[in-house]
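A.B. asks: Structure file run05.cif (mmCIF, C-alpha atoms and all ligand atoms) is given on the next line.
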data_structure
#
loop_
_atom_site.label_atom_id
_atom_site.label_comp_id
_atom_site.auth_asym_id
_atom_site.auth_seq_id
_atom_site.Cartn_x
_atom_site.Cartn_y
_atom_site.Cartn_z
CA MET P 1 138.39 -58.93 129.57
CA ARG P 2 137.97 -60.76 132.85
CA ALA P 3 141.59 -61.51 133.67
CA PRO P 4 142.72 -58.04 134.92
CA PHE P 5 139.65 -57.77 137.10
CA LYS P 6 140.39 -61.12 138.78
CA ARG P 7 144.01 -60.14 139.34
CA GLY P 8 142.86 -56.97 141.11
CA LEU P 9 140.69 -58.96 143.51
CA LEU P 10 143.53 -61.32 144.34
CA ALA P 11 145.83 -58.42 145.13
CA ALA P 12 143.25 -56.92 147.48
CA ALA P 13 142.84 -60.25 149.26
CA LEU P 14 146.58 -60.59 149.75
CA ILE P 15 146.82 -57.12 151.28
CA THR P 16 144.01 -57.92 153.74
CA MET P 17 145.70 -61.14 154.78
CA SER P 18 149.02 -59.47 155.38
CA MET P 19 147.32 -56.85 157.60
CA THR P 20 145.51 -59.35 159.84
CA THR P 21 148.46 -61.71 160.22
CA PRO P 22 151.60 -59.65 159.97
CA ALA P 23 154.77 -61.64 159.61
CA TRP P 24 156.27 -59.84 162.64
CA ALA P 25 153.32 -60.66 165.02
CA ASP P 26 154.31 -62.23 168.32
CA ASP P 27 152.72 -65.43 169.50
CA GLY P 28 150.81 -65.36 172.75
CA PRO P 29 147.51 -64.71 174.48
CA ASP P 30 145.99 -61.27 174.06
CA LEU P 31 143.01 -60.51 176.30
CA ARG P 32 140.67 -57.66 175.56
CA PHE P 33 138.36 -56.34 178.30
CA SER P 34 135.15 -54.34 178.22
CA ALA P 35 132.55 -53.46 180.88
CA THR P 36 129.14 -51.76 180.63
CA PHE P 37 126.39 -50.82 183.06
CA ALA P 38 123.12 -48.82 183.03
CA ASP P 39 124.15 -45.18 182.99
CA GLN P 40 122.04 -43.36 185.59
CA ALA P 41 122.52 -41.69 188.94
CA TYR P 42 122.53 -44.27 191.74
CA PHE P 43 121.60 -43.91 195.40
CA VAL P 44 123.60 -45.12 198.39
CA GLY P 45 122.60 -48.73 199.06
CA GLU P 46 121.88 -49.61 195.46
CA THR P 47 123.57 -52.37 193.49
CA VAL P 48 124.91 -51.91 189.97
CA PRO P 49 125.11 -54.92 187.64
CA ILE P 50 128.20 -54.56 185.41
CA LYS P 51 128.27 -56.66 182.26
CA VAL P 52 131.82 -57.80 181.54
CA ASN P 53 133.37 -59.33 178.39
CA VAL P 54 136.82 -60.92 178.25
CA THR P 55 137.96 -61.95 174.75
CA ASN P 56 141.22 -63.60 173.80
CA VAL P 57 142.20 -62.03 170.46
CA GLY P 58 145.66 -63.62 170.59
CA ASN P 59 146.81 -66.91 169.03
CA LYS P 60 147.67 -68.77 172.25
CA THR P 61 145.43 -69.87 175.12
CA ALA P 62 145.36 -67.55 178.14
CA THR P 63 145.76 -69.43 181.42
CA GLY P 64 145.59 -68.24 185.02
CA ALA P 65 143.79 -65.07 183.86
CA LYS P 66 142.78 -62.95 186.86
CA GLY P 67 140.77 -59.81 187.48
CA LYS P 68 141.76 -56.77 189.46
CA TYR P 69 139.80 -53.89 190.96
CA THR P 70 141.49 -50.53 191.57
CA ASN P 71 139.80 -47.53 193.17
CA ILE P 72 140.60 -44.27 191.39
CA SER P 73 138.51 -41.55 193.02
CA GLY P 74 135.29 -40.73 194.87
CA SER P 75 133.10 -43.39 196.44
CA SER P 76 134.42 -46.97 196.46
CA PRO P 77 131.88 -49.56 195.40
CA PHE P 78 132.19 -52.92 197.14
CA ILE P 79 132.83 -55.72 194.64
CA PRO P 80 133.57 -59.04 196.38
CA THR P 81 136.41 -60.92 194.62
CA SER P 82 133.94 -63.79 194.00
CA GLU P 83 132.18 -61.48 191.53
CA TRP P 84 135.13 -62.15 189.19
CA ARG P 85 133.94 -65.78 188.89
CA GLU P 86 136.68 -67.82 187.13
CA PHE P 87 138.82 -64.69 187.08
CA ASN P 88 138.76 -64.50 190.92
CA PRO P 89 142.15 -63.05 191.88
CA GLY P 90 142.24 -65.41 194.88
CA GLY P 91 141.80 -68.50 192.68
CA ILE P 92 143.75 -70.32 189.99
CA GLY P 93 142.44 -67.99 187.29
CA ALA P 94 140.50 -68.54 184.07
CA THR P 95 141.45 -70.26 180.84
CA VAL P 96 140.44 -68.44 177.65
CA ALA P 97 141.09 -70.10 174.27
CA PRO P 98 142.06 -68.03 171.20
CA GLY P 99 138.90 -66.42 169.78
CA GLN P 100 136.89 -67.24 172.91
CA THR P 101 134.82 -64.63 174.80
CA LYS P 102 133.77 -65.05 178.42
CA SER P 103 130.86 -62.85 179.52
CA PHE P 104 129.43 -62.45 183.00
CA THR P 105 127.82 -59.89 185.25
CA MET P 106 129.56 -58.46 188.31
CA VAL P 107 127.47 -56.74 190.97
CA ALA P 108 128.92 -53.62 192.57
CA ARG P 109 127.40 -52.45 195.88
CA LEU P 110 127.28 -48.74 196.61
CA ASN P 111 127.48 -49.05 200.37
CA SER P 112 128.61 -45.53 201.10
CA PHE P 113 129.14 -42.11 199.65
CA ASN P 114 132.65 -40.75 199.99
CA GLY P 115 132.70 -37.47 198.16
CA GLY P 116 131.19 -38.12 194.78
CA ASP P 117 130.86 -40.38 191.79
CA ALA P 118 132.63 -43.73 192.01
CA THR P 119 135.53 -43.97 189.54
CA PHE P 120 137.46 -47.22 189.44
CA LYS P 121 139.32 -49.54 187.13
CA LEU P 122 138.58 -53.17 186.30
CA ALA P 123 141.30 -55.15 184.54
CA VAL P 124 142.32 -58.69 183.61
CA SER P 125 145.82 -60.05 183.18
CA THR P 126 147.43 -63.26 182.02
CA ALA P 127 151.03 -64.46 181.69
CA GLY P 128 152.61 -63.61 178.32
CA GLU P 129 149.96 -60.98 177.50
CA LEU P 130 150.81 -59.28 174.17
CA THR P 131 148.98 -55.93 174.56
CA PRO P 132 148.19 -54.98 178.18
CA ASP P 133 146.73 -51.59 177.11
CA ASP P 134 143.29 -52.97 176.17
CA ASN P 135 142.95 -55.21 179.25
CA ALA P 136 141.24 -52.61 181.47
CA ALA P 137 138.18 -50.39 181.63
CA THR P 138 137.81 -47.27 183.74
CA LEU P 139 134.21 -46.82 184.92
CA THR P 140 132.45 -43.92 186.61
CA ILE P 141 129.18 -44.66 188.38
CA ALA P 142 127.27 -41.42 188.97
CA MET P 143 125.92 -41.16 192.54
CA VAL P 144 123.23 -38.99 194.04
CA SER P 145 124.65 -37.26 197.08
CA PRO P 146 122.75 -38.35 200.21
CA TYR P 147 123.18 -34.75 201.42
CA THR P 148 120.84 -33.55 198.66
CA ARG P 149 117.55 -32.26 200.09
CA ALA P 150 114.39 -32.17 198.03
CA VAL P 151 110.68 -31.34 198.12
CA VAL P 152 107.98 -33.94 197.50
CA ASP P 153 104.57 -32.37 196.98
CA GLY P 154 101.39 -32.69 194.96
CA THR P 155 97.69 -33.46 195.00
CA LEU P 156 95.92 -36.67 196.04
CA PHE P 157 92.79 -37.46 194.12
CA GLY P 158 90.13 -40.14 193.95
CA ASP P 159 89.43 -40.71 190.27
CA GLU P 160 85.68 -41.21 190.66
CA ASP P 161 84.96 -41.37 186.90
CA ARG P 162 88.09 -43.49 186.24
CA ASP P 163 89.30 -41.31 183.35
CA GLY P 164 92.83 -40.95 184.73
CA VAL P 165 92.41 -37.17 185.08
CA LEU P 166 92.02 -35.00 188.18
CA ASP P 167 88.58 -33.42 187.75
CA PRO P 168 87.17 -30.70 190.04
CA GLY P 169 85.78 -32.30 193.19
CA GLU P 170 88.03 -35.38 193.01
CA GLU P 171 90.68 -33.98 195.42
CA LEU P 172 91.06 -36.01 198.63
CA ALA P 173 91.06 -33.58 201.57
CA ASP P 174 92.33 -34.30 205.11
CA THR P 175 93.98 -37.59 204.12
CA ALA P 176 97.16 -38.92 205.74
CA VAL P 177 100.08 -39.45 203.30
CA GLN P 178 103.36 -41.15 204.16
CA ILE P 179 106.72 -41.29 202.49
CA ARG P 180 109.00 -44.11 203.62
CA ASN P 181 112.73 -44.16 202.87
CA ASN P 182 113.29 -47.53 201.16
CA TYR P 183 116.90 -47.71 202.42
CA SER P 184 116.59 -46.65 206.08
CA GLY P 185 112.88 -47.46 206.60
CA SER P 186 112.28 -44.09 208.28
CA PHE P 187 109.08 -42.30 207.37
CA LYS P 188 107.30 -38.97 207.51
CA GLU P 189 103.58 -38.29 207.45
CA VAL P 190 101.49 -35.25 206.56
CA ARG P 191 97.79 -34.64 205.91
CA THR P 192 96.33 -33.10 202.76
CA ASP P 193 94.64 -29.72 202.96
CA ALA P 194 91.13 -28.89 201.65
CA HIS P 195 92.49 -29.02 198.08
CA GLY P 196 94.08 -32.46 198.45
CA TRP P 197 97.52 -30.79 198.60
CA PHE P 198 100.40 -32.39 200.52
CA SER P 199 103.99 -31.27 200.94
CA PHE P 200 107.14 -32.84 202.38
CA THR P 201 110.19 -30.60 202.62
CA ASN P 202 113.82 -31.32 203.45
CA VAL P 203 113.60 -34.90 202.12
CA ALA P 204 116.99 -36.65 201.91
CA ALA P 205 117.79 -38.07 198.47
CA GLN P 206 116.92 -41.77 198.21
CA ARG P 207 114.23 -44.09 196.87
CA TYR P 208 110.92 -43.70 198.68
CA THR P 209 107.50 -45.30 198.79
CA LEU P 210 104.63 -42.83 198.90
CA ALA P 211 101.55 -44.42 200.46
CA PHE P 212 98.07 -43.48 201.51
CA LYS P 213 94.76 -45.06 202.43
CA SER P 214 91.34 -43.50 202.23
CA PRO P 215 88.11 -45.28 203.18
CA GLY P 216 86.30 -46.53 200.06
CA TRP P 217 89.37 -46.10 197.85
CA ALA P 218 92.10 -48.49 196.70
CA ASN P 219 95.30 -48.29 198.78
CA VAL P 220 98.18 -46.57 197.00
CA GLN P 221 101.89 -47.40 197.14
CA LYS P 222 103.91 -45.44 194.63
CA GLN P 223 107.69 -45.64 194.12
CA LEU P 224 109.58 -42.35 193.97
CA ARG P 225 113.17 -41.47 193.08
CA VAL P 226 113.99 -38.40 195.12
CA ASP P 227 117.21 -37.01 193.64
CA GLY P 228 116.74 -33.24 193.86
CA SER P 229 115.27 -32.92 190.38
CA ASP P 230 111.80 -31.38 190.05
CA ARG P 231 110.20 -34.71 189.17
CA THR P 232 108.91 -35.10 192.72
CA THR P 233 107.04 -31.81 192.87
CA ASN P 234 103.48 -31.08 191.77
CA LEU P 235 102.69 -34.81 191.67
CA GLN P 236 99.16 -35.96 190.97
CA VAL P 237 98.66 -39.16 192.92
CA ARG P 238 95.57 -41.10 191.96
CA THR P 239 93.41 -43.78 193.51
CA VAL P 240 90.24 -45.43 192.25
CA ARG P 241 87.21 -47.17 193.72
CA SER P 242 87.42 -50.95 194.05
CA LEU P 243 85.67 -52.69 191.13
CA GLU P 244 84.43 -55.36 193.52
CA GLY P 245 80.62 -55.33 193.22
CA THR P 246 80.69 -52.83 190.31
CA LEU P 247 82.13 -55.02 187.58
CA VAL P 248 80.53 -58.46 187.78
CA PRO P 249 82.31 -61.19 185.77
CA LYS P 250 81.05 -64.65 184.82
CA VAL P 251 83.17 -67.32 183.10
CA GLU P 252 82.08 -70.69 181.64
CA PHE P 253 83.87 -73.48 179.77
CA HIS P 254 81.82 -74.70 176.78
CA GLU P 255 82.43 -78.38 177.58
CA ASN P 256 82.37 -80.31 180.85
CA ARG P 257 85.37 -82.44 179.91
CA TYR P 258 88.60 -81.97 177.91
CA ARG P 259 91.76 -83.87 177.00
CA PRO P 260 95.26 -82.45 177.53
CA GLY P 261 96.26 -80.29 174.54
CA ASP P 262 92.64 -79.52 173.58
CA THR P 263 91.70 -75.98 172.59
CA ALA P 264 88.91 -75.06 175.01
CA GLN P 265 86.24 -72.47 174.20
CA VAL P 266 85.29 -70.20 177.08
CA SER P 267 82.43 -67.68 177.33
CA ILE P 268 82.92 -64.54 179.44
CA TRP P 269 80.28 -62.03 180.48
CA LEU P 270 81.20 -58.71 182.07
CA ALA P 271 78.43 -56.62 183.67
CA ASN P 272 79.12 -53.00 184.58
CA THR P 273 76.65 -52.14 187.35
CA GLY P 274 78.36 -48.81 188.15
CA ARG P 275 77.63 -45.20 187.17
CA PHE P 276 80.66 -44.74 184.91
CA ASP P 277 81.83 -46.40 181.70
CA LEU P 278 84.83 -48.71 182.11
CA ARG P 279 87.52 -48.47 179.43
CA GLY P 280 90.50 -50.72 178.75
CA VAL P 281 89.06 -53.65 180.72
CA ARG P 282 91.45 -56.62 180.52
CA ALA P 283 91.96 -59.93 182.29
CA GLY P 284 94.71 -60.92 184.71
CA CYS P 285 94.48 -64.70 184.98
CA ASP P 286 96.22 -67.42 186.95
CA LEU P 287 98.69 -65.13 188.61
CA ASN P 288 99.58 -67.85 191.12
CA TRP P 289 101.25 -69.86 188.30
CA ASP P 290 99.32 -73.04 189.05
CA ASP P 291 100.27 -75.33 186.14
CA SER P 292 96.79 -76.85 185.74
CA HIS P 293 95.43 -73.48 184.58
CA LEU P 294 94.22 -72.93 181.02
CA LEU P 295 97.03 -71.50 178.85
CA GLY P 296 96.79 -68.45 176.59
CA SER P 297 95.03 -65.72 178.57
CA ASP P 298 98.02 -63.36 178.00
CA ASP P 299 97.79 -63.89 174.24
CA PRO P 300 95.52 -61.66 172.09
CA ALA P 301 95.32 -64.57 169.59
CA HIS P 302 93.34 -66.45 172.26
CA TRP P 303 91.76 -63.70 174.36
CA GLY P 304 91.39 -60.82 171.89
CA VAL P 305 90.89 -57.40 173.47
CA LEU P 306 90.68 -58.94 176.97
CA ALA P 307 94.24 -60.33 176.84
CA ARG P 308 96.52 -58.69 179.37
CA SER P 309 98.67 -57.37 176.52
CA GLY P 310 95.60 -56.36 174.48
CA PRO P 311 93.88 -52.96 174.21
CA GLY P 312 91.03 -53.82 176.59
CA ALA P 313 87.27 -53.61 176.20
CA THR P 314 84.86 -50.78 176.95
CA ILE P 315 81.91 -51.76 179.14
CA ALA P 316 79.44 -48.89 179.32
CA ALA P 317 77.61 -48.10 182.57
CA GLY P 318 74.73 -50.56 182.88
CA GLU P 319 76.00 -52.75 180.03
CA VAL P 320 76.59 -56.53 179.98
CA LYS P 321 79.08 -57.58 177.32
CA ALA P 322 79.79 -61.15 176.14
CA PHE P 323 83.16 -62.44 174.88
CA GLU P 324 84.31 -65.73 173.39
CA VAL P 325 87.91 -66.72 174.13
CA THR P 326 90.03 -69.86 173.77
CA GLY P 327 92.84 -71.53 175.67
CA ILE P 328 94.99 -74.66 175.59
CA VAL P 329 94.39 -77.36 178.20
CA PRO P 330 97.84 -78.03 179.74
CA ASP P 331 99.23 -81.57 180.13
CA ALA P 332 99.54 -80.97 183.89
CA ALA P 333 95.74 -80.71 184.10
CA PHE P 334 95.58 -84.46 183.41
CA ASP P 335 97.36 -85.16 186.72
CA THR P 336 94.93 -83.08 188.75
CA GLY P 337 91.89 -84.19 186.71
CA SER P 338 90.70 -80.66 186.01
CA VAL P 339 91.62 -77.50 184.17
CA LEU P 340 91.14 -74.20 186.00
CA LEU P 341 90.65 -70.60 185.06
CA THR P 342 91.00 -67.89 187.74
CA CYS P 343 90.77 -64.34 186.44
CA GLY P 344 90.52 -60.82 187.75
CA PHE P 345 89.01 -58.21 185.45
CA GLY P 346 89.50 -54.46 185.48
CA ASP P 347 90.64 -51.26 183.80
CA HIS P 348 93.72 -50.02 185.69
CA PHE P 349 96.24 -52.76 186.42
CA GLU P 350 98.11 -50.76 189.06
CA PHE P 351 94.99 -51.41 191.18
CA SER P 352 94.61 -55.07 190.17
CA ASP P 353 94.23 -56.10 193.82
CA THR P 354 90.77 -54.47 193.71
CA PHE P 355 89.66 -56.41 190.61
CA PRO P 356 86.73 -58.83 191.00
CA VAL P 357 87.99 -62.40 190.60
CA VAL P 358 86.04 -65.27 189.10
CA GLU P 359 86.84 -68.98 188.79
CA ALA P 360 85.74 -71.76 186.43
CA SER P 361 86.86 -75.36 185.95
CA ALA P 362 86.27 -78.39 183.72
CA ARG P 363 87.22 -82.04 184.06
CA VAL P 364 90.26 -83.39 182.21
CA GLY P 365 90.71 -87.06 181.22
CA ALA P 366 92.30 -89.24 178.57
CA CA P 401 145.36 -57.25 175.47
CA CA P 402 88.67 -38.13 186.89
#
Please express what this file holds, its structure, as structure tokens.
Ligand SMILES: [Ca+2]
Ligand SMILES: [Ca+2]

C.D. replies:
Amino acid sequence: MRAPFKRGLLAAALITMSMTTPAWADDGPDLRFSATFADQAYFVGETVPIKVNVTNVGNKTATGAKGKYTNISGSSPFIPTSEWREFNPGGIGATVAPGQTKSFTMVARLNSFNGGDATFKLAVSTAGELTPDDNAATLTIAMVSPYTRAVVDGTLFGDEDRDGVLDPGEELADTAVQIRNNYSGSFKEVRTDAHGWFSFTNVAAQRYTLAFKSPGWANVQKQLRVDGSDRTTNLQVRTVRSLEGTLVPKVEFHENRYRPGDTAQVSIWLANTGRFDLRGVRAGCDLNWDDSHLLGSDDPAHWGVLARSGPGATIAAGEVKAFEVTGIVPDAAFDTGSVLLTCGFGDHFEFSDTFPVVEASARVGA
């Protein structure tokens, strides 16, 4: 009963083999080229990383393989020949073994806008190439015309109760607002009206930084893509009060002395002396990357809700809340003789420069 079934399998295997290695196939290198990039509309002055793959699907090694750029239409991105790496057309060219893939990233610079999207061809070639057809990719990078004019408008508000929402009375009147063109550096300034409303008209398409300062409020710098779409109108731009003096943190190691690799227990107290509940309070620790700092504050397994990637804690107005967390004493702390913990605490990380910061340390020995 089994014999015919086995014979059928064998026949299928033979057919597959004859298709992948036809008797009439030529010998030689056969490069295959592909290129991908993030598909979005780019501004003049931006750079576009292009991920490139060159595979040799032939049965002979490709030598002296070189890249070539050809402009087809519209704006011409600037791609220095050195971006081709081993495939630099001015060099000796790359060697690609049968079955080997070489991957790298080329950076194209959009230095100017010459009448539209940039369409161009990237290709590789090698001597004795069997199928030149699949050695090239034609790419079109969409560009935002710098002649596009747009409106940037909206309301500035000071989020007094920190709920993320513009409530009546939170509008910031008579406040100077700037937008700065990130490419040219030029800027415009207006003041908000009695309703916190600001409006910039005739804004040339580009990336901008919207900024404002208001006494008693955190400074704001917000990145904007101004491309003529309606995403830059009716903005609600928020600031908050500094938490300095409102949220009072205290941090203590359980022991005075640790050894490298120890798991240290740390007690944290957070006192909310303000009028409003604080939600989503997390820790941002050791942001200066000092290697004698306690490890693990980013990890919910060590820091629970307070971990930077955790959900955060709620500290009600007038409440003091206690937390127990752990961390690993790094080997580098042995060299300095102490392990450090430097943390800012707060609810909205985009304003982390207004977080109260607290420090603790313990001795480290053998
Ligand atoms: Ca080919
Ligand atoms: Ca609010």

A.B. asks: To one decimal in Å, tell me the separation between atom CA of P:Asp277 and atom CA of P:Gly304.

C.D. replies: 19.9 Å

A.B. asks: Would you please work out which residue, of P:Arg225, P:Lys121, P:Arg191, P:Arg282, is nearest to P:Ala150 when using all atoms listed in the file?

C.D. replies: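 Selected residue with least distance to P:Ala150: P:Arg225.
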
A.B. asks: Once you count all atoms listed in the file, which residues end up within 8 Å of ligand CA 401 (chain P), and could you hand them over as number ranges by chain?

C.D. replies: P: 29-33, 56-57, 129-135

A.B. asks: From the options P:Gly154, P:Pro89, P:Gly216, P:Pro356, which residue's atoms come nearest to P:Asp193, counting all atoms listed in the file?

C.D. replies: P:Gly154

A.B. asks: Please write as a PyMOL selection string the list of polymer residues whose atoms come within 6 Å of (128.2, -57.1, 190.1), counting all atoms listed in the file and keeping to the coordinates of the file.

C.D. replies: chain P and resi 49-50+105-108

A.B. asks: Please identify all polymer residues within 9 Å of stretch 309-315 of chain P, counting all atoms listed in the file, omitting same-chain residues fewer than 3 positions from it, and present them as JSON, numbers by chain.

C.D. replies: {"P": [270, 271, 272, 277, 278, 279, 280, 281, 282, 283, 298, 299, 300, 303, 304, 305, 306, 318, 319, 320, 321, 347]}

A.B. asks: What is the distance between atom CA of P:Trp84 and atom CA of P:Asn59, in Å to one decimal?

C.D. replies: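 Separation between atom CA of P:Trp84 and atom CA of P:Asn59: 23.8 Å.
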
A.B. asks: To one decimal in Å, tell me the separation between atom CA of P:Ala301 and atom CA of P:Leu340.

C.D. replies: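 Answer for the atom CA of P:Ala301 to atom CA of P:Leu340 separation: 19.5 Å.
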
A.B. asks: Where atoms are absent from stretch 31-52 of chain P, fill them in so it carries N, CA and C atoms, then output it as a PDB file, keeping the file's coordinate frame.

C.D. replies:
ATOM      1  N   LEU P  31     144.368 -60.734 175.779  1.00  0.00           N
ATOM      2  CA  LEU P  31     143.010 -60.510 176.300  1.00  0.00           C
ATOM      3  C   LEU P  31     142.567 -59.089 175.991  1.00  0.00           C
ATOM      4  N   ARG P  32     141.262 -58.974 175.778  1.00  0.00           N
ATOM      5  CA  ARG P  32     140.670 -57.660 175.560  1.00  0.00           C
ATOM      6  C   ARG P  32     139.482 -57.568 176.520  1.00  0.00           C
ATOM      7  N   PHE P  33     139.351 -56.447 177.223  1.00  0.00           N
ATOM      8  CA  PHE P  33     138.360 -56.340 178.300  1.00  0.00           C
ATOM      9  C   PHE P  33     137.398 -55.183 178.026  1.00  0.00           C
ATOM     10  N   SER P  34     136.115 -55.437 178.278  1.00  0.00           N
ATOM     11  CA  SER P  34     135.150 -54.340 178.220  1.00  0.00           C
ATOM     12  C   SER P  34     134.119 -54.516 179.327  1.00  0.00           C
ATOM     13  N   ALA P  35     133.540 -53.418 179.792  1.00  0.00           N
ATOM     14  CA  ALA P  35     132.550 -53.460 180.880  1.00  0.00           C
ATOM     15  C   ALA P  35     131.505 -52.383 180.635  1.00  0.00           C
ATOM     16  N   THR P  36     130.229 -52.731 180.810  1.00  0.00           N
ATOM     17  CA  THR P  36     129.140 -51.760 180.630  1.00  0.00           C
ATOM     18  C   THR P  36     128.127 -51.890 181.761  1.00  0.00           C
ATOM     19  N   PHE P  37     127.442 -50.797 182.050  1.00  0.00           N
ATOM     20  CA  PHE P  37     126.390 -50.820 183.060  1.00  0.00           C
ATOM     21  C   PHE P  37     125.361 -49.752 182.700  1.00  0.00           C
ATOM     22  N   ALA P  38     124.175 -49.796 183.324  1.00  0.00           N
ATOM     23  CA  ALA P  38     123.120 -48.820 183.030  1.00  0.00           C
ATOM     24  C   ALA P  38     123.535 -47.458 183.559  1.00  0.00           C
ATOM     25  N   ASP P  39     123.629 -46.507 182.637  1.00  0.00           N
ATOM     26  CA  ASP P  39     124.150 -45.180 182.990  1.00  0.00           C
ATOM     27  C   ASP P  39     123.028 -44.332 183.584  1.00  0.00           C
ATOM     28  N   GLN P  40     123.012 -44.206 184.895  1.00  0.00           N
ATOM     29  CA  GLN P  40     122.040 -43.360 185.590  1.00  0.00           C
ATOM     30  C   GLN P  40     122.666 -42.952 186.902  1.00  0.00           C
ATOM     31  N   ALA P  41     122.008 -42.068 187.631  1.00  0.00           N
ATOM     32  CA  ALA P  41     122.520 -41.690 188.940  1.00  0.00           C
ATOM     33  C   ALA P  41     121.998 -42.681 189.978  1.00  0.00           C
ATOM     34  N   TYR P  42     122.902 -43.241 190.764  1.00  0.00           N
ATOM     35  CA  TYR P  42     122.530 -44.270 191.740  1.00  0.00           C
ATOM     36  C   TYR P  42     122.517 -43.697 193.149  1.00  0.00           C
ATOM     37  N   PHE P  43     121.678 -44.312 193.993  1.00  0.00           N
ATOM     38  CA  PHE P  43     121.600 -43.910 195.400  1.00  0.00           C
ATOM     39  C   PHE P  43     122.506 -44.804 196.240  1.00  0.00           C
ATOM     40  N   VAL P  44     122.894 -44.295 197.405  1.00  0.00           N
ATOM     41  CA  VAL P  44     123.600 -45.120 198.390  1.00  0.00           C
ATOM     42  C   VAL P  44     122.719 -46.325 198.701  1.00  0.00           C
ATOM     43  N   GLY P  45     123.331 -47.513 198.739  1.00  0.00           N
ATOM     44  CA  GLY P  45     122.600 -48.730 199.060  1.00  0.00           C
ATOM     45  C   GLY P  45     122.177 -49.503 197.827  1.00  0.00           C
ATOM     46  N   GLU P  46     122.289 -48.895 196.659  1.00  0.00           N
ATOM     47  CA  GLU P  46     121.880 -49.610 195.460  1.00  0.00           C
ATOM     48  C   GLU P  46     122.991 -50.508 194.952  1.00  0.00           C
ATOM     49  N   THR P  47     122.597 -51.485 194.132  1.00  0.00           N
ATOM     50  CA  THR P  47     123.570 -52.370 193.490  1.00  0.00           C
ATOM     51  C   THR P  47     123.585 -52.062 192.004  1.00  0.00           C
ATOM     52  N   VAL P  48     124.747 -52.212 191.402  1.00  0.00           N
ATOM     53  CA  VAL P  48     124.910 -51.910 189.970  1.00  0.00           C
ATOM     54  C   VAL P  48     125.431 -53.150 189.261  1.00  0.00           C
ATOM     55  N   PRO P  49     124.607 -53.791 188.436  1.00  0.00           N
ATOM     56  CA  PRO P  49     125.110 -54.920 187.640  1.00  0.00           C
ATOM     57  C   PRO P  49     126.025 -54.403 186.535  1.00  0.00           C
ATOM     58  N   ILE P  50     127.226 -54.963 186.438  1.00  0.00           N
ATOM     59  CA  ILE P  50     128.200 -54.560 185.410  1.00  0.00           C
ATOM     60  C   ILE P  50     128.443 -55.755 184.496  1.00  0.00           C
ATOM     61  N   LYS P  51     128.088 -55.577 183.237  1.00  0.00           N
ATOM     62  CA  LYS P  51     128.270 -56.660 182.260  1.00  0.00           C
ATOM     63  C   LYS P  51     129.701 -56.600 181.736  1.00  0.00           C
ATOM     64  N   VAL P  52     130.398 -57.741 181.846  1.00  0.00           N
ATOM     65  CA  VAL P  52     131.820 -57.800 181.540  1.00  0.00           C
ATOM     66  C   VAL P  52     132.067 -58.787 180.398  1.00  0.00           C
TER      67      VAL P  52
END
